[in-house]
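Chemist: Mind having a look at this structure? Questions to follow.
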Amino acid sequence: MFKRRDRRPIWKVVTAAVYPRGGWGRAFSYVKHRVRRLPDTPEKIGRGIWAGVFTTFTPFYGLHFIVAALIARVMRGNILAALMATFFGNPLTYVPIAAVSLQTGHWLLGSKPHGPPISLGEKFADAGADLWHNVIAIFTPEQMDWQGLSIFYFDIFYPYMIGGILPGIITATAAYYLSVPVLQAYQKRRRNILRAKLESLGQPKDTSGKGPAGR
């Protein structure tokens, strides 16, 4: 019932994820508009935004919605705001977020990447290949190999998880204190507009035909 009638090819889905229709400016504008119109207090929406932005500094890719919702629930923030705030992590920001988180993590842990320096994508690919190989090995005589996953964990995942905490807290807190006053001003403006409309509807109708100026 709710499925698309025209199924999009996979390349269009990937393209839309990297560059949404109308560009990132329009996408950001849409998210901002939706967040401002959430029916909740500015502080509760702000806590949801905090949870969503902080989540983008964690290495739990594919689980950001779940992590953001859990953090927002613990903080008594707006869960929908948290989900929309994960949009802070996107193809334009994930590279600097990963770089800052990894550098901070290795610095805090006093560690260095194992072996020759290879790209982040290669380590993800090696970990994925090891994981698939080990799943196959459960049902075949193949021997399990954890080397790629081990390198990925110690070089990428663990430093990323530790190093993302501090910049995540700083960025999320800045987003909170920037968003709450904006939301307060927006909600106050909406209330004033609604009050003015209600007052205008409550005025008695002028049947003299002269209008206010002719009285």
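Simple scheme: letters A, B, ... for chains in structure tokens order, numbers from 1 for residues in each chain, numbers from 1 for ligands in the order shown.
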Please provide the set of residues having any atom within 12 Å of Glu142 of chain A, restricted to only C-alpha atoms, with same-chain residues fewer than 5 positions apart removed, written as a PDB file with N, CA and C atoms, in the first residue's frame.

Modeler:
ATOM      1  N   ASP A 130      36.581 -10.236   6.067  1.00  0.00           N
ATOM      2  CA  ASP A 130      36.823 -11.210   7.138  1.00  0.00           C
ATOM      3  C   ASP A 130      35.510 -11.696   7.738  1.00  0.00           C
ATOM      4  N   TRP A 132      32.533 -11.828   6.358  1.00  0.00           N
ATOM      5  CA  TRP A 132      31.853 -12.713   5.420  1.00  0.00           C
ATOM      6  C   TRP A 132      32.557 -14.072   5.335  1.00  0.00           C
ATOM      7  N   HIS A 133      33.893 -14.049   5.311  1.00  0.00           N
ATOM      8  CA  HIS A 133      34.657 -15.292   5.262  1.00  0.00           C
ATOM      9  C   HIS A 133      34.374 -16.160   6.485  1.00  0.00           C
ATOM     10  N   ASN A 134      34.292 -15.530   7.668  1.00  0.00           N
ATOM     11  CA  ASN A 134      34.069 -16.290   8.895  1.00  0.00           C
ATOM     12  C   ASN A 134      32.653 -16.861   8.962  1.00  0.00           C
ATOM     13  N   VAL A 135      31.683 -16.134   8.384  1.00  0.00           N
ATOM     14  CA  VAL A 135      30.322 -16.673   8.325  1.00  0.00           C
ATOM     15  C   VAL A 135      30.297 -17.907   7.431  1.00  0.00           C
ATOM     16  N   ILE A 136      30.975 -17.825   6.291  1.00  0.00           N
ATOM     17  CA  ILE A 136      31.051 -18.966   5.381  1.00  0.00           C
ATOM     18  C   ILE A 136      31.783 -20.132   6.042  1.00  0.00           C
ATOM     19  N   ALA A 137      32.817 -19.799   6.834  1.00  0.00           N
ATOM     20  CA  ALA A 137      33.624 -20.846   7.468  1.00  0.00           C
ATOM     21  C   ALA A 137      32.837 -21.676   8.471  1.00  0.00           C
TER      22      ALA A 137
END

Chemist: Excluding segment 180-188 of chain A and its own-chain neighbours fewer than 4 positions away, which residues fall within 7 Å of it when counting only C-alpha atoms? Please give them as a VMD selection string.

Modeler: chain A and resid 36 42 to 43 46 176 192

Chemist: Could you give me the residues within segment 61-133 of chain A that DSSP places in helix (DSSP H, G or I), as a PyMOL selection string?

Modeler: chain A and resi 64-74+79-88+94-109+120-133

Chemist: Include C-alpha atoms and write out the residues we just selected as a PDB file, in the first residue's frame.

Modeler:
ATOM      1  CA  HIS A  64      22.548   5.953  14.314  1.00  0.00           C
ATOM      2  CA  PHE A  65      18.737   6.190  14.436  1.00  0.00           C
ATOM      3  CA  ILE A  66      18.589   3.584  17.205  1.00  0.00           C
ATOM      4  CA  VAL A  67      21.472   5.107  19.195  1.00  0.00           C
ATOM      5  CA  ALA A  68      20.048   8.632  18.859  1.00  0.00           C
ATOM      6  CA  ALA A  69      16.587   7.490  19.977  1.00  0.00           C
ATOM      7  CA  LEU A  70      18.022   5.692  23.032  1.00  0.00           C
ATOM      8  CA  ILE A  71      20.127   8.705  24.073  1.00  0.00           C
ATOM      9  CA  ALA A  72      17.164  11.054  23.571  1.00  0.00           C
ATOM     10  CA  ARG A  73      14.963   8.790  25.688  1.00  0.00           C
ATOM     11  CA  VAL A  74      17.516   8.742  28.510  1.00  0.00           C
ATOM     12  CA  ILE A  79      12.985  11.488  19.794  1.00  0.00           C
ATOM     13  CA  LEU A  80      11.860  12.828  16.409  1.00  0.00           C
ATOM     14  CA  ALA A  81      14.258  15.759  16.823  1.00  0.00           C
ATOM     15  CA  ALA A  82      17.035  13.283  17.634  1.00  0.00           C
ATOM     16  CA  LEU A  83      16.331  11.256  14.499  1.00  0.00           C
ATOM     17  CA  MET A  84      16.316  14.345  12.295  1.00  0.00           C
ATOM     18  CA  ALA A  85      19.452  15.724  13.952  1.00  0.00           C
ATOM     19  CA  THR A  86      21.404  12.658  12.828  1.00  0.00           C
ATOM     20  CA  PHE A  87      21.220  14.372   9.431  1.00  0.00           C
ATOM     21  CA  PHE A  88      24.194  16.369  10.772  1.00  0.00           C
ATOM     22  CA  TYR A  94      31.481  12.296   7.814  1.00  0.00           C
ATOM     23  CA  VAL A  95      35.054  12.682   6.558  1.00  0.00           C
ATOM     24  CA  PRO A  96      35.993  15.535   8.962  1.00  0.00           C
ATOM     25  CA  ILE A  97      34.033  13.867  11.776  1.00  0.00           C
ATOM     26  CA  ALA A  98      35.926  10.593  11.270  1.00  0.00           C
ATOM     27  CA  ALA A  99      39.295  12.364  10.979  1.00  0.00           C
ATOM     28  CA  VAL A 100      38.799  14.358  14.189  1.00  0.00           C
ATOM     29  CA  SER A 101      37.424  11.364  16.107  1.00  0.00           C
ATOM     30  CA  LEU A 102      40.216   9.010  15.025  1.00  0.00           C
ATOM     31  CA  GLN A 103      43.012  11.502  15.716  1.00  0.00           C
ATOM     32  CA  THR A 104      41.544  12.345  19.126  1.00  0.00           C
ATOM     33  CA  GLY A 105      41.080   8.662  19.950  1.00  0.00           C
ATOM     34  CA  HIS A 106      44.631   7.656  19.050  1.00  0.00           C
ATOM     35  CA  TRP A 107      45.933  10.675  20.978  1.00  0.00           C
ATOM     36  CA  LEU A 108      43.927   9.800  24.112  1.00  0.00           C
ATOM     37  CA  LEU A 109      44.856   6.127  23.906  1.00  0.00           C
ATOM     38  CA  LEU A 120      39.895   3.988   5.997  1.00  0.00           C
ATOM     39  CA  GLY A 121      37.902   2.407   3.165  1.00  0.00           C
ATOM     40  CA  GLU A 122      40.391  -0.438   2.800  1.00  0.00           C
ATOM     41  CA  LYS A 123      40.167  -1.273   6.505  1.00  0.00           C
ATOM     42  CA  PHE A 124      36.383  -1.303   6.308  1.00  0.00           C
ATOM     43  CA  ALA A 125      36.632  -3.560   3.248  1.00  0.00           C
ATOM     44  CA  ASP A 126      39.076  -5.925   4.966  1.00  0.00           C
ATOM     45  CA  ALA A 127      36.860  -6.151   8.044  1.00  0.00           C
ATOM     46  CA  GLY A 128      33.806  -6.846   5.888  1.00  0.00           C
ATOM     47  CA  ALA A 129      35.678  -9.515   3.918  1.00  0.00           C
ATOM     48  CA  ASP A 130      36.823 -11.210   7.138  1.00  0.00           C
ATOM     49  CA  LEU A 131      33.314 -11.137   8.557  1.00  0.00           C
ATOM     50  CA  TRP A 132      31.853 -12.713   5.420  1.00  0.00           C
ATOM     51  CA  HIS A 133      34.657 -15.292   5.262  1.00  0.00           C
TER      52      HIS A 133
END

Chemist: Tell me which of A:Thr41, A:Thr93, A:Thr58, A:Gln143 sits closest to Leu166 of chain A, counting only C-alpha atoms.

Modeler: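 Using only C-alpha atoms, the shortest distance to Leu166 of chain A belongs to A:Thr58.
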
Chemist: Report, in Å with one decimal, the straight-line distance from atom CA of Trp50 of chain A to atom CA of Ala175 of chain A.

Modeler: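 Here the two named atoms are 6.5 Å from each other.
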
Chemist: Return the single residue from A:Phe54, A:Trp146, A:Phe139, A:Tyr160 that is closest to Thr173 of chain A, with distances computed using only C-alpha atoms.

Modeler: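 Between A:Phe54, A:Trp146, A:Phe139, A:Tyr160, the residue approaching Thr173 of chain A most closely is A:Phe54.
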